[in-house]
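> This is the content of upload_21.tsv (TSV, C-alpha atoms (C1' of nucleotides)):
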chain	number	residue	atom	x	y	z
A	1	MET	CA	11.02	-19.67	-25.65
A	2	SER	CA	12.39	-17.05	-28.04
A	3	GLY	CA	15.49	-19.05	-28.78
A	4	ASN	CA	17.49	-16.26	-27.16
A	5	ALA	CA	18.31	-17.39	-23.65
A	6	ARG	CA	19.30	-13.93	-22.44
A	7	GLU	CA	16.01	-12.40	-23.57
A	8	ASP	CA	14.07	-15.31	-22.12
A	9	ILE	CA	15.78	-14.84	-18.77
A	10	LEU	CA	14.98	-11.11	-18.78
A	11	ALA	CA	11.34	-11.73	-19.67
A	12	ALA	CA	10.87	-14.41	-17.02
A	13	ALA	CA	12.70	-12.35	-14.38
A	14	LYS	CA	10.48	-9.35	-15.04
A	15	LEU	CA	7.34	-11.37	-14.30
A	16	VAL	CA	8.86	-12.92	-11.20
A	17	ALA	CA	10.01	-9.54	-9.88
A	18	GLN	CA	6.55	-8.06	-10.38
A	19	ALA	CA	5.02	-10.86	-8.29
A	20	HIS	CA	7.71	-11.65	-5.71
A	21	GLY	CA	10.20	-8.79	-5.81
A	22	TYR	CA	13.96	-8.89	-5.69
A	23	ALA	CA	14.08	-11.53	-2.95
A	24	GLY	CA	11.78	-13.73	-5.00
A	25	LEU	CA	14.12	-13.73	-7.98
A	26	ASN	CA	15.66	-17.17	-7.73
A	27	PHE	CA	17.94	-18.70	-10.27
A	28	ARG	CA	16.67	-22.27	-9.99
A	29	ASP	CA	13.07	-21.50	-10.88
A	30	LEU	CA	14.11	-18.88	-13.39
A	31	ALA	CA	16.42	-21.30	-15.15
A	32	ALA	CA	13.76	-24.00	-15.18
A	33	GLN	CA	11.37	-21.62	-16.95
A	34	VAL	CA	13.97	-20.94	-19.61
A	35	GLY	CA	15.03	-24.58	-19.92
A	36	ILE	CA	18.58	-24.32	-18.60
A	37	LYS	CA	20.26	-24.88	-15.23
A	38	ALA	CA	20.56	-22.24	-12.54
A	39	ALA	CA	24.30	-21.95	-12.92
A	40	SER	CA	23.94	-21.20	-16.63
A	41	ILE	CA	22.30	-17.86	-15.90
A	42	TYR	CA	25.68	-16.69	-14.68
A	43	TYR	CA	26.95	-16.96	-18.20
A	44	TYR	CA	24.64	-14.10	-19.15
A	45	PHE	CA	24.57	-12.14	-15.91
A	46	PRO	CA	27.56	-12.08	-13.57
A	47	SER	CA	25.40	-11.78	-10.45
A	48	LYS	CA	21.86	-11.48	-9.20
A	49	ALA	CA	22.48	-7.75	-8.80
A	50	GLU	CA	23.43	-7.40	-12.48
A	51	LEU	CA	20.42	-9.42	-13.58
A	52	ALA	CA	18.08	-7.28	-11.49
A	53	LYS	CA	19.74	-4.14	-12.80
A	54	ALA	CA	19.25	-5.28	-16.40
A	55	VAL	CA	15.63	-6.20	-15.72
A	56	ALA	CA	14.88	-2.86	-14.06
A	57	ARG	CA	16.60	-0.90	-16.82
A	58	ARG	CA	14.72	-2.74	-19.53
A	59	TYR	CA	11.56	-2.10	-17.51
A	60	TRP	CA	11.84	1.68	-17.51
A	61	GLU	CA	13.09	1.77	-21.11
A	62	ASP	CA	10.00	-0.13	-22.23
A	63	ASP	CA	7.82	2.08	-20.06
A	64	ALA	CA	9.35	5.24	-21.54
A	65	ALA	CA	8.67	3.99	-25.06
A	66	CYS	CA	5.13	3.05	-24.08
A	67	LEU	CA	4.43	6.49	-22.62
A	68	GLU	CA	5.79	8.25	-25.70
A	69	SER	CA	3.64	6.05	-27.88
A	70	LEU	CA	0.61	6.87	-25.75
A	71	LEU	CA	1.26	10.58	-26.16
A	72	GLN	CA	1.85	10.34	-29.91
A	73	ASN	CA	-1.30	8.31	-30.44
A	74	SER	CA	-3.51	10.69	-28.49
A	75	ALA	CA	-5.36	13.48	-30.21
A	76	LYS	CA	-4.69	15.81	-27.29
A	77	PRO	CA	-2.34	15.69	-24.29
A	78	ILE	CA	-5.34	15.50	-21.97
A	79	ASP	CA	-6.36	12.26	-23.66
A	80	ALA	CA	-2.96	10.74	-22.92
A	81	LEU	CA	-3.30	11.83	-19.28
A	82	ARG	CA	-6.71	10.24	-19.03
A	83	ARG	CA	-5.28	6.96	-20.23
A	84	TYR	CA	-2.14	7.10	-18.07
A	85	PRO	CA	-3.65	4.91	-15.29
A	86	GLU	CA	-4.01	2.11	-17.85
A	87	THR	CA	-0.24	1.70	-17.92
A	88	PHE	CA	-0.33	0.65	-14.25
A	89	ARG	CA	-3.51	-1.35	-14.69
A	90	TRP	CA	-1.90	-3.95	-16.94
A	91	ALA	CA	0.24	-5.39	-14.16
A	92	LEU	CA	-2.85	-5.97	-12.01
A	93	GLU	CA	-4.64	-7.58	-14.95
A	94	ASN	CA	-1.65	-9.88	-15.31
A	95	ASP	CA	-2.25	-12.12	-12.26
A	96	ASN	CA	-2.44	-9.28	-9.75
A	97	ARG	CA	1.15	-8.20	-10.31
A	98	ILE	CA	2.44	-4.74	-9.49
A	99	CYS	CA	5.06	-2.39	-10.83
A	100	LEU	CA	8.49	-3.92	-10.49
A	101	CYS	CA	9.78	-0.61	-9.17
A	102	SER	CA	7.11	-0.30	-6.51
A	103	PHE	CA	8.01	-3.74	-5.24
A	104	MET	CA	11.70	-2.95	-5.19
A	105	SER	CA	10.99	0.39	-3.52
A	106	ALA	CA	9.52	-1.56	-0.63
A	107	GLN	CA	12.66	-3.71	-0.65
A	108	PHE	CA	14.90	-0.63	-0.70
A	109	ASP	CA	17.09	-1.88	2.15
A	110	ASP	CA	17.70	-5.19	0.40
A	111	ILE	CA	18.54	-4.21	-3.17
A	112	PRO	CA	22.04	-3.36	-4.44
A	113	ASP	CA	22.84	0.27	-5.21
A	114	GLU	CA	23.02	-0.34	-8.94
A	115	VAL	CA	19.44	-1.63	-8.86
A	116	LYS	CA	18.28	1.37	-6.81
A	117	THR	CA	19.47	3.66	-9.58
A	118	GLU	CA	17.33	1.90	-12.17
A	119	VAL	CA	14.32	1.75	-9.85
A	120	GLN	CA	14.55	5.50	-9.32
A	121	ALA	CA	14.94	6.01	-13.07
A	122	PHE	CA	11.50	4.46	-13.58
A	123	ALA	CA	9.93	7.02	-11.27
A	124	ASP	CA	11.89	9.79	-12.99
A	125	VAL	CA	10.62	8.71	-16.41
A	126	ASN	CA	7.03	8.75	-15.20
A	127	VAL	CA	7.29	12.08	-13.41
A	128	ALA	CA	9.02	13.72	-16.39
A	129	TRP	CA	6.36	12.45	-18.79
A	130	LEU	CA	3.52	13.54	-16.51
A	131	LYS	CA	5.10	16.95	-16.04
A	132	LYS	CA	5.49	17.73	-19.72
A	133	THR	CA	2.07	16.33	-20.55
A	134	LEU	CA	0.38	18.29	-17.77
A	135	ILE	CA	2.02	21.43	-19.11
A	136	ALA	CA	1.07	20.62	-22.70
A	137	ALA	CA	-2.51	20.04	-21.60
A	138	LYS	CA	-2.43	23.32	-19.65
A	139	ILE	CA	-3.75	21.54	-16.56
A	140	VAL	CA	-1.24	23.30	-14.35
A	141	THR	CA	1.28	26.10	-14.64
A	142	PRO	CA	4.85	25.06	-15.44
A	143	LYS	CA	5.73	26.10	-11.91
A	144	GLU	CA	3.26	23.66	-10.34
A	145	ALA	CA	3.79	20.85	-12.86
A	146	GLU	CA	6.60	18.99	-11.11
A	147	LYS	CA	4.78	18.71	-7.81
A	148	ARG	CA	1.53	17.69	-9.41
A	149	ALA	CA	3.33	15.09	-11.52
A	150	ARG	CA	4.91	13.58	-8.42
A	151	ALA	CA	1.57	13.54	-6.62
A	152	ILE	CA	-0.14	11.76	-9.52
A	153	TYR	CA	2.66	9.22	-9.68
A	154	SER	CA	2.60	8.42	-5.97
A	155	GLY	CA	-1.20	8.29	-6.05
A	156	ILE	CA	-1.05	5.68	-8.80
A	157	VAL	CA	1.58	3.68	-6.97
A	158	GLY	CA	-0.54	3.60	-3.82
A	159	ALA	CA	-3.71	2.65	-5.68
A	160	GLN	CA	-1.96	-0.25	-7.38
A	161	LEU	CA	-0.53	-1.55	-4.11
A	162	VAL	CA	-3.82	-1.26	-2.25
A	163	ALA	CA	-5.66	-3.02	-5.07
A	164	ARG	CA	-3.12	-5.86	-4.98
A	165	SER	CA	-3.69	-6.34	-1.26
A	166	ARG	CA	-7.32	-7.21	-2.07
A	167	ALA	CA	-6.64	-8.88	-5.41
A	168	ASP	CA	-9.36	-6.53	-6.64
A	169	ILE	CA	-8.82	-4.63	-9.85
A	170	SER	CA	-12.15	-2.86	-9.52
A	171	LEU	CA	-10.74	-1.24	-6.38
A	172	TYR	CA	-7.96	0.21	-8.53
A	173	ASP	CA	-10.48	1.67	-10.94
A	174	SER	CA	-12.51	3.04	-8.07
A	175	LEU	CA	-9.46	4.71	-6.51
A	176	ILE	CA	-8.49	6.33	-9.82
A	177	GLU	CA	-12.02	7.60	-10.15
A	178	SER	CA	-11.87	9.02	-6.64
A	179	TYR	CA	-8.59	10.76	-7.45
A	180	ARG	CA	-10.34	12.35	-10.42
A	181	ALA	CA	-13.34	13.37	-8.35
A	182	ALA	CA	-11.10	14.90	-5.69
A	183	GLY	CA	-9.17	16.89	-8.30
A	184	LEU	CA	-5.83	15.11	-8.09
A	185	PHE	CA	-6.10	13.51	-11.53
A	186	PRO	CA	-7.16	15.42	-14.63
A	187	GLY	CA	-10.06	14.21	-16.72
B	188	MET	CA	14.83	-6.23	26.62
B	189	SER	CA	11.50	-5.90	28.41
B	190	GLY	CA	12.03	-9.09	30.35
B	191	ASN	CA	9.06	-10.53	28.47
B	192	ALA	CA	10.45	-12.64	25.64
B	193	ARG	CA	7.16	-12.86	23.75
B	194	GLU	CA	6.77	-9.09	23.72
B	195	ASP	CA	10.41	-8.65	22.74
B	196	ILE	CA	9.96	-11.03	19.82
B	197	LEU	CA	6.86	-9.15	18.65
B	198	ALA	CA	8.61	-5.79	18.93
B	199	ALA	CA	11.70	-6.95	17.07
B	200	ALA	CA	9.65	-8.70	14.39
B	201	LYS	CA	7.63	-5.55	13.80
B	202	LEU	CA	10.76	-3.54	13.03
B	203	VAL	CA	12.18	-6.26	10.80
B	204	ALA	CA	8.90	-6.57	8.88
B	205	GLN	CA	8.77	-2.80	8.33
B	206	ALA	CA	12.25	-2.86	6.81
B	207	HIS	CA	12.44	-6.25	5.08
B	208	GLY	CA	8.90	-7.61	4.89
B	209	TYR	CA	7.64	-11.11	5.50
B	210	ALA	CA	10.48	-12.80	3.65
B	211	GLY	CA	12.98	-10.87	5.76
B	212	LEU	CA	11.57	-12.26	8.99
B	213	ASN	CA	14.03	-14.97	9.96
B	214	PHE	CA	14.07	-16.74	13.27
B	215	ARG	CA	17.82	-16.85	13.74
B	216	ASP	CA	18.39	-13.08	13.52
B	217	LEU	CA	15.19	-12.37	15.40
B	218	ALA	CA	16.22	-14.67	18.23
B	219	ALA	CA	19.66	-13.10	18.38
B	220	GLN	CA	18.09	-9.67	18.87
B	221	VAL	CA	16.02	-10.95	21.77
B	222	GLY	CA	18.89	-12.87	23.29
B	223	ILE	CA	17.53	-16.38	22.80
B	224	LYS	CA	18.01	-19.11	20.20
B	225	ALA	CA	15.91	-19.56	17.08
B	226	ALA	CA	14.31	-22.73	18.38
B	227	SER	CA	13.05	-20.89	21.45
B	228	ILE	CA	10.76	-18.71	19.37
B	229	TYR	CA	8.70	-21.81	18.70
B	230	TYR	CA	7.84	-21.94	22.37
B	231	TYR	CA	5.89	-18.69	21.87
B	232	PHE	CA	4.78	-18.98	18.24
B	233	PRO	CA	4.05	-22.35	16.60
B	234	SER	CA	5.14	-21.18	13.13
B	235	LYS	CA	6.40	-18.23	11.12
B	236	ALA	CA	2.88	-17.71	9.83
B	237	GLU	CA	1.52	-17.44	13.38
B	238	LEU	CA	4.26	-15.02	14.38
B	239	ALA	CA	3.59	-12.81	11.37
B	240	LYS	CA	-0.13	-12.95	12.07
B	241	ALA	CA	0.43	-11.87	15.68
B	242	VAL	CA	2.73	-9.06	14.59
B	243	ALA	CA	0.29	-7.78	11.97
B	244	ARG	CA	-2.64	-7.98	14.38
B	245	ARG	CA	-0.78	-6.09	17.07
B	246	TYR	CA	0.19	-3.57	14.42
B	247	TRP	CA	-3.36	-2.63	13.46
B	248	GLU	CA	-4.53	-2.78	17.07
B	249	ASP	CA	-1.87	-0.26	18.06
B	250	ASP	CA	-2.69	1.85	15.03
B	251	ALA	CA	-6.40	1.84	15.88
B	252	ALA	CA	-5.63	3.01	19.42
B	253	CYS	CA	-3.30	5.68	18.08
B	254	LEU	CA	-5.92	7.01	15.67
B	255	GLU	CA	-8.58	7.14	18.37
B	256	SER	CA	-6.18	8.99	20.60
B	257	LEU	CA	-5.43	11.44	17.81
B	258	LEU	CA	-9.12	12.12	17.35
B	259	GLN	CA	-9.80	12.51	21.07
B	260	ASN	CA	-6.89	14.87	21.52
B	261	SER	CA	-7.89	17.12	18.64
B	262	ALA	CA	-10.09	20.14	19.20
B	263	LYS	CA	-11.91	19.48	15.95
B	264	PRO	CA	-12.13	16.49	13.57
B	265	ILE	CA	-10.44	18.56	10.88
B	266	ASP	CA	-7.41	18.93	13.14
B	267	ALA	CA	-7.15	15.16	13.45
B	268	LEU	CA	-7.35	14.82	9.69
B	269	ARG	CA	-4.59	17.39	9.23
B	270	ARG	CA	-2.35	15.36	11.50
B	271	TYR	CA	-3.24	11.98	10.00
B	272	PRO	CA	-0.18	11.93	7.67
B	273	GLU	CA	2.04	12.05	10.76
B	274	THR	CA	1.01	8.50	11.62
B	275	PHE	CA	2.67	7.28	8.43
B	276	ARG	CA	5.60	9.67	8.78
B	277	TRP	CA	6.94	7.98	11.90
B	278	ALA	CA	7.97	4.83	10.04
B	279	LEU	CA	10.03	6.89	7.59
B	280	GLU	CA	11.62	8.77	10.47
B	281	ASN	CA	12.56	5.42	11.96
B	282	ASP	CA	15.37	4.45	9.55
B	283	ASN	CA	13.29	4.87	6.40
B	284	ARG	CA	10.90	2.08	7.30
B	285	ILE	CA	7.41	1.78	5.85
B	286	CYS	CA	4.08	0.48	6.99
B	287	LEU	CA	4.29	-3.22	7.68
B	288	CYS	CA	1.02	-3.69	5.82
B	289	SER	CA	2.21	-1.86	2.73
B	290	PHE	CA	5.23	-4.11	2.61
B	291	MET	CA	3.15	-7.24	3.03
B	292	SER	CA	0.67	-5.99	0.44
B	293	ALA	CA	3.52	-6.02	-2.04
B	294	GLN	CA	4.31	-9.56	-0.89
B	295	PHE	CA	0.67	-10.61	-1.23
B	296	ASP	CA	1.52	-13.77	-3.20
B	297	ASP	CA	3.98	-14.92	-0.57
B	298	ILE	CA	2.16	-14.45	2.73
B	299	PRO	CA	-0.12	-17.03	4.37
B	300	ASP	CA	-3.86	-16.42	4.26
B	301	GLU	CA	-4.08	-15.77	8.01
B	302	VAL	CA	-1.57	-12.93	7.59
B	303	LYS	CA	-3.46	-11.46	4.65
B	304	THR	CA	-6.52	-11.09	6.87
B	305	GLU	CA	-4.60	-9.00	9.39
B	306	VAL	CA	-2.92	-6.93	6.67
B	307	GLN	CA	-6.31	-6.10	5.23
B	308	ALA	CA	-7.62	-5.26	8.71
B	309	PHE	CA	-5.04	-2.49	8.95
B	310	ALA	CA	-6.37	-0.85	5.80
B	311	ASP	CA	-9.93	-1.32	7.07
B	312	VAL	CA	-9.09	0.41	10.34
B	313	ASN	CA	-7.60	3.37	8.53
B	314	VAL	CA	-10.38	3.72	6.00
B	315	ALA	CA	-13.05	3.44	8.71
B	316	TRP	CA	-11.36	6.10	10.82
B	317	LEU	CA	-10.91	8.43	7.85
B	318	LYS	CA	-14.51	7.93	6.81
B	319	LYS	CA	-16.02	8.79	10.14
B	320	THR	CA	-13.66	11.69	10.68
B	321	LEU	CA	-14.31	13.11	7.21
B	322	ILE	CA	-18.02	12.95	7.95
B	323	ALA	CA	-17.59	14.52	11.39
B	324	ALA	CA	-15.54	17.31	9.84
B	325	LYS	CA	-18.19	17.73	7.15
B	326	ILE	CA	-15.53	17.57	4.45
B	327	VAL	CA	-17.65	15.26	2.36
B	328	THR	CA	-21.17	13.91	2.35
B	329	PRO	CA	-21.69	10.54	4.06
B	330	LYS	CA	-22.32	9.12	0.61
B	331	GLU	CA	-18.91	10.21	-0.68
B	332	ALA	CA	-16.99	9.50	2.52
B	333	GLU	CA	-16.03	5.89	1.88
B	334	LYS	CA	-14.50	6.59	-1.52
B	335	ARG	CA	-12.66	9.66	-0.31
B	336	ALA	CA	-11.34	7.76	2.69
B	337	ARG	CA	-9.96	5.02	0.45
B	338	ALA	CA	-8.38	7.58	-1.85
B	339	ILE	CA	-6.66	9.34	1.04
B	340	TYR	CA	-5.41	6.02	2.39
B	341	SER	CA	-3.97	4.87	-0.93
B	342	GLY	CA	-2.47	8.31	-1.50
B	343	ILE	CA	-0.66	8.08	1.81
B	344	VAL	CA	0.54	4.55	1.09
B	345	GLY	CA	1.96	5.65	-2.26
B	346	ALA	CA	3.65	8.73	-0.82
B	347	GLN	CA	5.33	6.66	1.87
B	348	LEU	CA	6.58	4.09	-0.63
B	349	VAL	CA	7.88	6.70	-3.07
B	350	ALA	CA	9.66	8.57	-0.26
B	351	ARG	CA	11.30	5.32	0.86
B	352	SER	CA	12.63	4.72	-2.63
B	353	ARG	CA	14.61	7.96	-2.31
B	354	ALA	CA	15.27	7.69	1.42
B	355	ASP	CA	13.93	11.24	1.46
B	356	ILE	CA	11.41	12.19	4.10
B	357	SER	CA	11.06	15.70	2.72
B	358	LEU	CA	9.65	14.11	-0.43
B	359	TYR	CA	6.91	12.59	1.73
B	360	ASP	CA	6.07	15.98	3.17
B	361	SER	CA	6.08	17.51	-0.29
B	362	LEU	CA	3.73	14.85	-1.64
B	363	ILE	CA	1.29	15.34	1.22
B	364	GLU	CA	1.37	19.07	0.57
B	365	SER	CA	0.65	18.42	-3.12
B	366	TYR	CA	-2.27	16.20	-2.19
B	367	ARG	CA	-3.64	19.07	-0.13
B	368	ALA	CA	-3.09	21.59	-2.91
B	369	ALA	CA	-4.81	19.31	-5.42
B	370	GLY	CA	-7.81	18.89	-3.12
B	371	LEU	CA	-7.39	15.21	-2.23
B	372	PHE	CA	-6.45	15.87	1.39
B	373	PRO	CA	-8.36	18.25	3.63
B	374	GLY	CA	-6.59	21.09	5.36
C	375	DA	C1'	30.36	-20.04	-26.63
C	376	DC	C1'	27.50	-22.29	-23.62
C	377	DC	C1'	26.44	-25.20	-19.86
C	378	DT	C1'	26.60	-27.89	-15.35
C	379	DG	C1'	27.83	-30.69	-11.00
C	380	DA	C1'	28.82	-30.02	-6.73
C	381	DA	C1'	29.75	-27.41	-2.88
C	382	DC	C1'	28.59	-23.73	0.31
C	383	DA	C1'	25.94	-20.97	3.40
C	384	DC	C1'	21.56	-20.33	5.01
C	385	DC	C1'	16.62	-21.05	6.50
C	386	DG	C1'	12.27	-22.90	8.68
C	387	DT	C1'	11.26	-26.51	11.43
C	388	DT	C1'	11.46	-30.33	14.65
C	389	DC	C1'	12.50	-32.76	18.85
C	390	DA	C1'	14.80	-34.92	22.45
C	391	DA	C1'	17.09	-33.18	26.13
C	392	DG	C1'	18.40	-29.75	29.53
C	393	DT	C1'	17.49	-26.41	33.67
D	394	DA	C1'	7.89	-22.94	32.38
D	395	DC	C1'	11.39	-21.90	29.45
D	396	DC	C1'	15.29	-22.85	26.65
D	397	DT	C1'	18.78	-25.19	23.46
D	398	DG	C1'	21.93	-28.21	20.44
D	399	DA	C1'	21.75	-30.77	16.80
D	400	DA	C1'	19.75	-32.40	12.91
D	401	DC	C1'	16.76	-32.43	8.69
D	402	DA	C1'	15.28	-31.15	4.19
D	403	DC	C1'	15.50	-27.49	1.39
D	404	DC	C1'	17.02	-23.28	-1.24
D	405	DG	C1'	19.82	-19.42	-3.43
D	406	DT	C1'	24.48	-18.60	-4.95
D	407	DT	C1'	28.89	-19.51	-6.71
D	408	DC	C1'	32.76	-21.36	-9.40
D	409	DA	C1'	35.78	-24.66	-11.23
D	410	DA	C1'	35.35	-27.68	-14.70
D	411	DG	C1'	33.23	-29.69	-18.64
D	412	DT	C1'	31.93	-29.86	-23.98
Would you write out, as structure tokens, the structure that this file holds?

Amino acid sequence: MSGNAREDILAAAKLVAQAHGYAGLNFRDLAAQVGIKAASIYYYFPSKAELAKAVARRYWEDDAACLESLLQNSAKPIDALRRYPETFRWALENDNRICLCSFMSAQFDDIPDEVKTEVQAFADVNVAWLKKTLIAAKIVTPKEAEKRARAIYSGIVGAQLVARSRADISLYDSLIESYRAAGLFPG
Amino acid sequence: MSGNAREDILAAAKLVAQAHGYAGLNFRDLAAQVGIKAASIYYYFPSKAELAKAVARRYWEDDAACLESLLQNSAKPIDALRRYPETFRWALENDNRICLCSFMSAQFDDIPDEVKTEVQAFADVNVAWLKKTLIAAKIVTPKEAEKRARAIYSGIVGAQLVARSRADISLYDSLIESYRAAGLFPG
DNA sequence: ACCTGAACACCGTTCAAGT
DNA sequence: ACCTGAACACCGTTCAAGT
């Protein structure tokens, strides 16, 4: 599509991984989407493991940039925190997909070690951003920030997965609202 | 193992599904575990979809019985609620597995409709139990109970998935504790 | 540099045949 | 009743070979 086969492969693989996970990443279908043959993908990526690693790395890099942008474009840190759930909502809006890293977390026993590292990096990026933003917003003390950040992250992950199991994005919104009402989420 | 091949198949399939999901359920390996050949499984289950359906149904049935037992054996409803996270902890203790229904929720696009129904039933069982127990413990008003029950369920699901991604059961415990501190979980 | 044919190993499923 | 070998059509993965 873009005229850059490598980028096209990465983009297509991201969408497939969000819908079918690591096991669902197949070179025949992927190649067909890009307009080449399955074997040609090996010119760009030496193995499925390397492709998945590249996809997962690009995924958290893009997410990190997106979160920084969200923070910069918010008047106050608390505003960025309020909008944080939107970053996980987009996948559901996009044909009921979920976070690539949530899917691969489920498939933990079946993904190569080099992919695990990138999957964990995504969680690290989110927790680090939440932590610093919670502190900046003075929602919690610096001492409590790490734990609260992890709790918010895992709450979001669960809400997204549960919403997918019903193909119901309003359930996601409702769960986020309940997290707020219960005091887990700020806002 | 039990001398009952059908039960042995169900038991083995449950463990495989908790570690590798629906896609990971393959008749050759499954049969080898039970000591029969792949083709023999078809004597008990007419298709992979029917096997997965039976496994998922048995899973929520067992869970329902377990939750009722937990409630009956608790002095007060609040005690049952405090111990609720244990029911999801067992899977992690068992070689870092997760809830079969969480895994299949991720694989939503790839499971047959009859399996989806059973996967959703598991969530329904949990939410219904949490709702009635929250009300009995007077943690929330009957009006708020449903939403809080769903939030607790999705919080647990997320915590289990995040802990799996690190193969770290202490992270699960820490997340549950954070949920309590934030006010999401009672106790 | 970029691509592919063809082979390989594997999987779900079927069925005729075995005890 | 319970089980199996063998086969089928298919799929993901790989690599030697093409241009």
> Please, which residues in chain D fall within 10 Å of chain B when counting all atoms listed in the file, and what is the closest atom pair and distance in Å to one decimal for each, ordered by chain then residue number, as JSON lines?

{"residue": "D:DC395", "atom": "C1'", "partner": "B:Tyr230", "partner_atom": "CA", "distance": 7.9}
{"residue": "D:DC396", "atom": "C1'", "partner": "B:Ser227", "partner_atom": "CA", "distance": 6.0}
{"residue": "D:DT397", "atom": "C1'", "partner": "B:Lys224", "partner_atom": "CA", "distance": 6.9}
{"residue": "D:DG398", "atom": "C1'", "partner": "B:Ala226", "partner_atom": "CA", "distance": 9.6}
> Excluding stretch 401-403 of chain D and its own-chain neighbours fewer than 4 positions away, which residues fall within 10 Å of it when counting only C-alpha atoms (C1' of nucleotides)? Please give them as a PyMOL selection string.
chain C and resi 385-388
> How far is it from atom CA of B:Lys330 to atom CA of A:Leu81, in Å with one decimal?
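The value is 27.7 Å.
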> Residues of chain B were defined as contacting chain A if any atom lay at most 9 Å from it, counting all atoms listed in the file; please report them as an NGL selection string.
:B and (206-208 or 210-211 or 283-285 or 288-297 or 303 or 306-307 or 310 or 334-335 or 337-354 or 361-363 or 365-366 or 368-372)
> Do you know which residues are at most 10 Å from A:Asp8 counting all atoms listed in the file, after dropping those on the same chain fewer than 4 positions away, and could you put them as a list of chain:residue names?
A:Met1, A:Ser2, A:Gly3, A:Asn4, A:Ala12, A:Ala13, A:Lys14, A:Leu30, A:Ala31, A:Gln33, A:Val34, A:Gly35
> Rounded to one decimal, what separation in Å do you get between atom CA of B:Asn281 and atom CA of B:Lys240?
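Straight-line distance from atom CA of B:Asn281 to atom CA of B:Lys240 works out to 22.3 Å.
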> Rounded to one decimal, what separation in Å do you get between atom CA of B:Ala308 and atom CA of B:Trp247?
6.9 Å
> Let me have the centre and edge lengths in Å, one decimal, of the box along x, y and z around every listed atom of stretch 323-335 of chain B with 8 Å of margin on each side, as AutoDock Vina command-line options.

--center_x -17.5 --center_y 11.8 --center_z 4.9 --size_x 25.7 --size_y 27.8 --size_z 28.9
